[in-house]
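Q: Here you go, one structure.
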Amino acid sequence: MGGSGSKAKGVWPFSGSGTGGESAADGNEQSVARLKGSRSGTPFVFTRRSSLYYDEDGDLAHEFYEETVVTKNGRKKSKLKRIQKNLIPQGIVKLDHPCIHVDFPIVLCEV
């Protein structure tokens, strides 16, 4: 939902260390154990950055346009000009349902 994984190589945000030298058999058990540790956070995401903006009038939208009238060869033609100045981002939005973080290191469902 709108985010990419971590940019650092070999570092999992939910594990205790950045090394990848664990065996596959006990790697999942150790990862689950580390999730319960004090350093690690929850694998769930409760908030996200909104992609909406407020304009000068207090309206909320993804994009804002202004209608301009262009006169060319005696003919009036209206065009929409995108407004990119004086927009305030909405900020952090609380999610209705928690999502699982994209860097969660455990396979949840294997087919």
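Chain labels run A, B, ... following the order of the structure tokens; each chain numbers its residues from 1, and ligands are numbered from 1 in the order shown.
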Taking 3 positions as the minimum chain separation for residues in the same chain, which residues sit within 12 Å of A:Gly58 when counting only C-alpha atoms? Answer as number ranges by chain.
A: A: 52-55, 61, 64, 86-90
Q: Compile the contact shell of A:Phe44 as a VMD selection string: residues with an atom at most 8 Å away, counting only C-alpha atoms, same-chain residues fewer than 3 positions apart removed.
A: chain A and resid 98 to 101
Q: So how many Å separate atom CA of A:Ser50 and atom CA of A:Thr68, to one decimal?
A: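 If I compute the distance from atom CA of A:Ser50 to atom CA of A:Thr68, I get 28.8 Å.
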Q: Pick from A:Arg49, A:Arg82, A:Pro43, A:Cys109: nearest to A:Lys94, with only C-alpha atoms counted?
A: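 Ranking A:Arg49, A:Arg82, A:Pro43, A:Cys109 by distance to A:Lys94, first place goes to A:Arg49.
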Q: Atom CA of A:Leu60 and atom CA of A:Lys79, how far apart in Å?
A: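 Computing the Euclidean distance for atom CA of A:Lys79 and atom CA of A:Leu60 yields 21.8 Å.
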Q: Pick from A:Gly41, A:Glu66, A:Arg75, A:Arg48: nearest to A:Leu95, with only C-alpha atoms counted?
A: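 Using only C-alpha atoms, A:Leu95 sits closest to A:Arg48.
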Q: Could you pull the residues within 10 Å of A:His97, counting only C-alpha atoms, minus those fewer than 4 positions along the same chain, as a PyMOL selection string?
A: chain A and resi 44-47
Q: Point out the residue among A:Lys76, A:Tyr65, A:Gly91, A:Val107 with the least atom-to-atom distance to A:Ser51, counting only C-alpha atoms.
A: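 Checking each of A:Lys76, A:Tyr65, A:Gly91, A:Val107 against A:Ser51, counting only C-alpha atoms, the winner is A:Gly91.
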